[in-house]
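Colleague: Provided herewith is a single structure, encoded as structure tokens, for subsequent inquiry.
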Amino acid sequence: MDLTLLMYLVPSLVMFGCGVFGFITRKNMIAMLISLELMLNSVDINFVVFNRFLYPEGSEGMFFTLFAIAIAAAETAVAIALIINVYRAVKNVDINQLTKLKF
Amino acid sequence: MEALGNNILYIVVALSIIIFSVLTVTTKKILRSATYLMFVLLATAIIYFQMDYEFLGAVQIAVYAGGIVVLFVFAIMLTHKPGKDAEPLTLHKKWIGLSAAVLGVVLCAFALFSYAKFCGVTARSFDSIDMAQLGHMLLSTDKFGYLLPFEAISVLLLACIIGGVVIARKR
């Protein structure tokens, strides 16, 4: 059995679907952020796999993933700072409790 | 022999990605959710190693599994009482989520399987990119250079550090 491009795209597709499901159903802000990480990660896998299988002489997909990982880390840091600030203000991180933007 | 080992590794990694990503979004306890996320990220790093992008795999482990998951665990510890379950889902919301996810996955899977031209492509041999080459590419300005995104990312990271400190500090 040879490993083909499709065999790597299927797990990444399932991962993206799980991310969408979690992002819609979860009420907790941190759990939503975790689902978002799942989606970002599945897209990263796609970039690398396309780069390796279709255009192995270039390395654009690898560099794109490298920068995407850096941006994901920065985004998570800011989002967690926001969540901790929200928790300090209302003692809760459930999105259905957060109905006011100003306190 | 090498091909057989490669296939076994692929099966283990693919199954663990699928199982742990489903568990990440369905488990009741949020700390477990973060742990399963770590397993998914480690399996992704193994995929990168299998594709011969060693540096990318190392970055994935160091930044994602080492940095972001720890950040998640700290945030969960700061904002949750330990051992508390999440509220059960309302049926309405569960159906919306399930239908959105399943519809998206089915649509993408249909597109993938019907566009079979590239799906059967197998990996060609390639000379993997070494660290010196990668460093030169990151800091060069000619055709395959990435100096501009590199500098943009550094400014972005600086902005994020300042933003994080300003947002999270005590007033």
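Identifiers in the structure tokens: chain A, B, ... in order shown; residue index from 1 per chain; ligand index from 1 in order shown.
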Can you pull out the residues contacting stretch 122-139 of chain B? Cut-off 9 Å, using only C-alpha atoms, and skip same-chain residues under 4 positions away; I want them as a list in words.
Modeller: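 Residues near the query, excluding close chain neighbours: Asp2, Leu3, Thr4, Leu5, Arg52, Phe53, Leu54, Pro56, Glu57, Ser59 and Phe63 of chain A; Met51, Asp52, Tyr53, Glu54, Phe55, Phe144, Gly145, Tyr146, Leu147, Leu148, Pro149 and Phe150 of chain B.
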Colleague: At a cut-off of 7 Å, can you tabulate as a Markdown table every residue of chain A near chain B together with its closest atom pair and the distance in Å to one decimal, using only C-alpha atoms and ordering rows by chain then number?
Modeller:
| residue | atom | partner | partner_atom | distance |
| --- | --- | --- | --- | --- |
| A:Asp2 | CA | B:Thr122 | CA | 6.8 |
| A:Leu3 | CA | B:Thr122 | CA | 6.1 |
| A:Thr4 | CA | B:Thr122 | CA | 4.6 |
| A:Leu5 | CA | B:Cys119 | CA | 5.3 |
| A:Leu6 | CA | B:Cys119 | CA | 4.8 |
| A:Pro11 | CA | B:Ala14 | CA | 5.8 |
| A:Leu13 | CA | B:Val105 | CA | 6.6 |
| A:Val14 | CA | B:Ile18 | CA | 6.4 |
| A:Met15 | CA | B:Ser21 | CA | 5.8 |
| A:Gly17 | CA | B:Ala101 | CA | 4.9 |
| A:Cys18 | CA | B:Val22 | CA | 5.9 |
| A:Val20 | CA | B:Ala101 | CA | 5.6 |
| A:Phe21 | CA | B:Gly97 | CA | 4.8 |
| A:Gly22 | CA | B:Val25 | CA | 5.0 |
| A:Ile24 | CA | B:Gly97 | CA | 5.3 |
| A:Thr25 | CA | B:Gly97 | CA | 5.7 |
| A:Ala31 | CA | B:Ile30 | CA | 6.8 |
| A:Ser35 | CA | B:Val25 | CA | 6.9 |
| A:Arg52 | CA | B:Met51 | CA | 6.7 |
| A:Phe53 | CA | B:Ala123 | CA | 5.1 |
| A:Pro56 | CA | B:Phe126 | CA | 6.3 |
| A:Leu66 | CA | B:Leu56 | CA | 6.7 |
| A:Ala73 | CA | B:Ile68 | CA | 6.4 |
| A:Ala74 | CA | B:Cys160 | CA | 6.0 |
| A:Ala77 | CA | B:Gly164 | CA | 6.7 |
| A:Val78 | CA | B:Gly164 | CA | 5.1 |
| A:Ile80 | CA | B:Ala75 | CA | 6.7 |
| A:Ala81 | CA | B:Ala168 | CA | 5.0 |
| A:Leu82 | CA | B:Ile167 | CA | 6.4 |
| A:Ile84 | CA | B:Ala168 | CA | 6.8 |
| A:Asn85 | CA | B:Ala168 | CA | 5.6 |
| A:Tyr87 | CA | B:Thr79 | CA | 6.6 |
Colleague: Write a file of the just-selected residues containing N, CA and C atoms, as an mmCIF file, in the first residue's frame.
Modeller:
data_model
loop_
_atom_site.group_PDB
_atom_site.id
_atom_site.type_symbol
_atom_site.label_atom_id
_atom_site.label_comp_id
_atom_site.auth_asym_id
_atom_site.auth_seq_id
_atom_site.Cartn_x
_atom_site.Cartn_y
_atom_site.Cartn_z
ATOM 1 N N ASP A 2 0.668 2.068 -1.004
ATOM 2 C CA ASP A 2 1.397 3.334 -1.031
ATOM 3 C C ASP A 2 0.564 4.431 -0.387
ATOM 4 N N LEU A 3 1.239 5.288 0.347
ATOM 5 C CA LEU A 3 0.518 6.403 0.963
ATOM 6 C C LEU A 3 0.266 7.474 -0.083
ATOM 7 N N THR A 4 -1.004 7.844 -0.245
ATOM 8 C CA THR A 4 -1.332 8.863 -1.244
ATOM 9 C C THR A 4 -1.738 10.162 -0.566
ATOM 10 N N LEU A 5 -1.904 11.166 -1.405
ATOM 11 C CA LEU A 5 -2.274 12.495 -0.904
ATOM 12 C C LEU A 5 -3.605 12.458 -0.159
ATOM 13 N N LEU A 6 -4.564 11.688 -0.739
ATOM 14 C CA LEU A 6 -5.909 11.643 -0.163
ATOM 15 C C LEU A 6 -5.901 11.098 1.260
ATOM 16 N N PRO A 11 -7.917 12.582 7.470
ATOM 17 C CA PRO A 11 -7.869 12.929 8.896
ATOM 18 C C PRO A 11 -7.964 14.427 9.138
ATOM 19 N N LEU A 13 -9.525 16.547 7.296
ATOM 20 C CA LEU A 13 -10.922 16.950 7.066
ATOM 21 C C LEU A 13 -11.784 16.639 8.299
ATOM 22 N N VAL A 14 -11.564 15.450 8.879
ATOM 23 C CA VAL A 14 -12.320 15.085 10.081
ATOM 24 C C VAL A 14 -11.996 16.051 11.221
ATOM 25 N N MET A 15 -10.716 16.423 11.323
ATOM 26 C CA MET A 15 -10.308 17.355 12.369
ATOM 27 C C MET A 15 -11.002 18.700 12.199
ATOM 28 N N GLY A 17 -13.898 19.211 10.717
ATOM 29 C CA GLY A 17 -15.307 19.042 11.071
ATOM 30 C C GLY A 17 -15.521 19.068 12.567
ATOM 31 N N CYS A 18 -14.621 18.411 13.316
ATOM 32 C CA CYS A 18 -14.709 18.442 14.775
ATOM 33 C C CYS A 18 -14.565 19.870 15.285
ATOM 34 N N VAL A 20 -15.402 22.647 13.729
ATOM 35 C CA VAL A 20 -16.649 23.389 13.464
ATOM 36 C C VAL A 20 -17.718 23.020 14.481
ATOM 37 N N PHE A 21 -17.850 21.704 14.719
ATOM 38 C CA PHE A 21 -18.854 21.230 15.687
ATOM 39 C C PHE A 21 -18.606 21.837 17.065
ATOM 40 N N GLY A 22 -17.341 21.779 17.528
ATOM 41 C CA GLY A 22 -17.030 22.303 18.849
ATOM 42 C C GLY A 22 -17.245 23.803 18.929
ATOM 43 N N ILE A 24 -19.391 25.603 17.363
ATOM 44 C CA ILE A 24 -20.808 25.970 17.428
ATOM 45 C C ILE A 24 -21.439 25.522 18.743
ATOM 46 N N THR A 25 -21.097 24.315 19.210
ATOM 47 C CA THR A 25 -21.841 23.788 20.360
ATOM 48 C C THR A 25 -21.296 24.232 21.705
ATOM 49 N N ALA A 31 -13.103 26.526 25.624
ATOM 50 C CA ALA A 31 -13.373 25.361 24.783
ATOM 51 C C ALA A 31 -13.559 25.776 23.329
ATOM 52 N N SER A 35 -11.374 24.542 20.021
ATOM 53 C CA SER A 35 -11.919 24.102 18.725
ATOM 54 C C SER A 35 -11.300 24.896 17.577
ATOM 55 N N ARG A 52 4.314 18.836 -0.010
ATOM 56 C CA ARG A 52 5.183 17.657 -0.099
ATOM 57 C C ARG A 52 4.804 16.762 -1.271
ATOM 58 N N PHE A 53 3.504 16.608 -1.527
ATOM 59 C CA PHE A 53 3.101 15.635 -2.539
ATOM 60 C C PHE A 53 3.065 16.229 -3.945
ATOM 61 N N PRO A 56 7.203 19.082 -4.434
ATOM 62 C CA PRO A 56 8.276 18.869 -3.452
ATOM 63 C C PRO A 56 9.524 19.693 -3.731
ATOM 64 N N LEU A 66 4.803 27.545 8.860
ATOM 65 C CA LEU A 66 5.664 28.106 9.901
ATOM 66 C C LEU A 66 5.101 29.441 10.394
ATOM 67 N N ALA A 73 -0.058 31.191 17.650
ATOM 68 C CA ALA A 73 0.414 31.356 19.023
ATOM 69 C C ALA A 73 0.099 32.753 19.531
ATOM 70 N N ALA A 74 0.350 33.773 18.698
ATOM 71 C CA ALA A 74 0.083 35.144 19.125
ATOM 72 C C ALA A 74 -1.400 35.350 19.390
ATOM 73 N N ALA A 77 -2.488 33.816 22.645
ATOM 74 C CA ALA A 77 -2.049 34.572 23.811
ATOM 75 C C ALA A 77 -2.977 35.749 24.065
ATOM 76 N N VAL A 78 -3.312 36.488 23.005
ATOM 77 C CA VAL A 78 -4.195 37.644 23.183
ATOM 78 C C VAL A 78 -5.588 37.201 23.620
ATOM 79 N N ILE A 80 -6.438 34.565 25.308
ATOM 80 C CA ILE A 80 -6.477 34.111 26.701
ATOM 81 C C ILE A 80 -6.365 35.299 27.643
ATOM 82 N N ALA A 81 -5.598 36.324 27.249
ATOM 83 C CA ALA A 81 -5.567 37.541 28.066
ATOM 84 C C ALA A 81 -6.962 38.151 28.157
ATOM 85 N N LEU A 82 -7.675 38.195 27.025
ATOM 86 C CA LEU A 82 -9.046 38.729 27.027
ATOM 87 C C LEU A 82 -9.955 37.891 27.917
ATOM 88 N N ILE A 84 -9.178 35.991 30.480
ATOM 89 C CA ILE A 84 -8.884 36.172 31.905
ATOM 90 C C ILE A 84 -9.422 37.516 32.389
ATOM 91 N N ASN A 85 -9.351 38.525 31.524
ATOM 92 C CA ASN A 85 -9.892 39.830 31.890
ATOM 93 C C ASN A 85 -11.416 39.772 32.060
ATOM 94 N N TYR A 87 -13.092 37.109 32.856
ATOM 95 C CA TYR A 87 -13.348 36.341 34.081
ATOM 96 C C TYR A 87 -13.221 37.224 35.302
#
Colleague: Between atom CA of B:Phe49 and atom CA of B:Glu151, measure the distance and give it in Å to one decimal.
Modeller: 26.5 Å
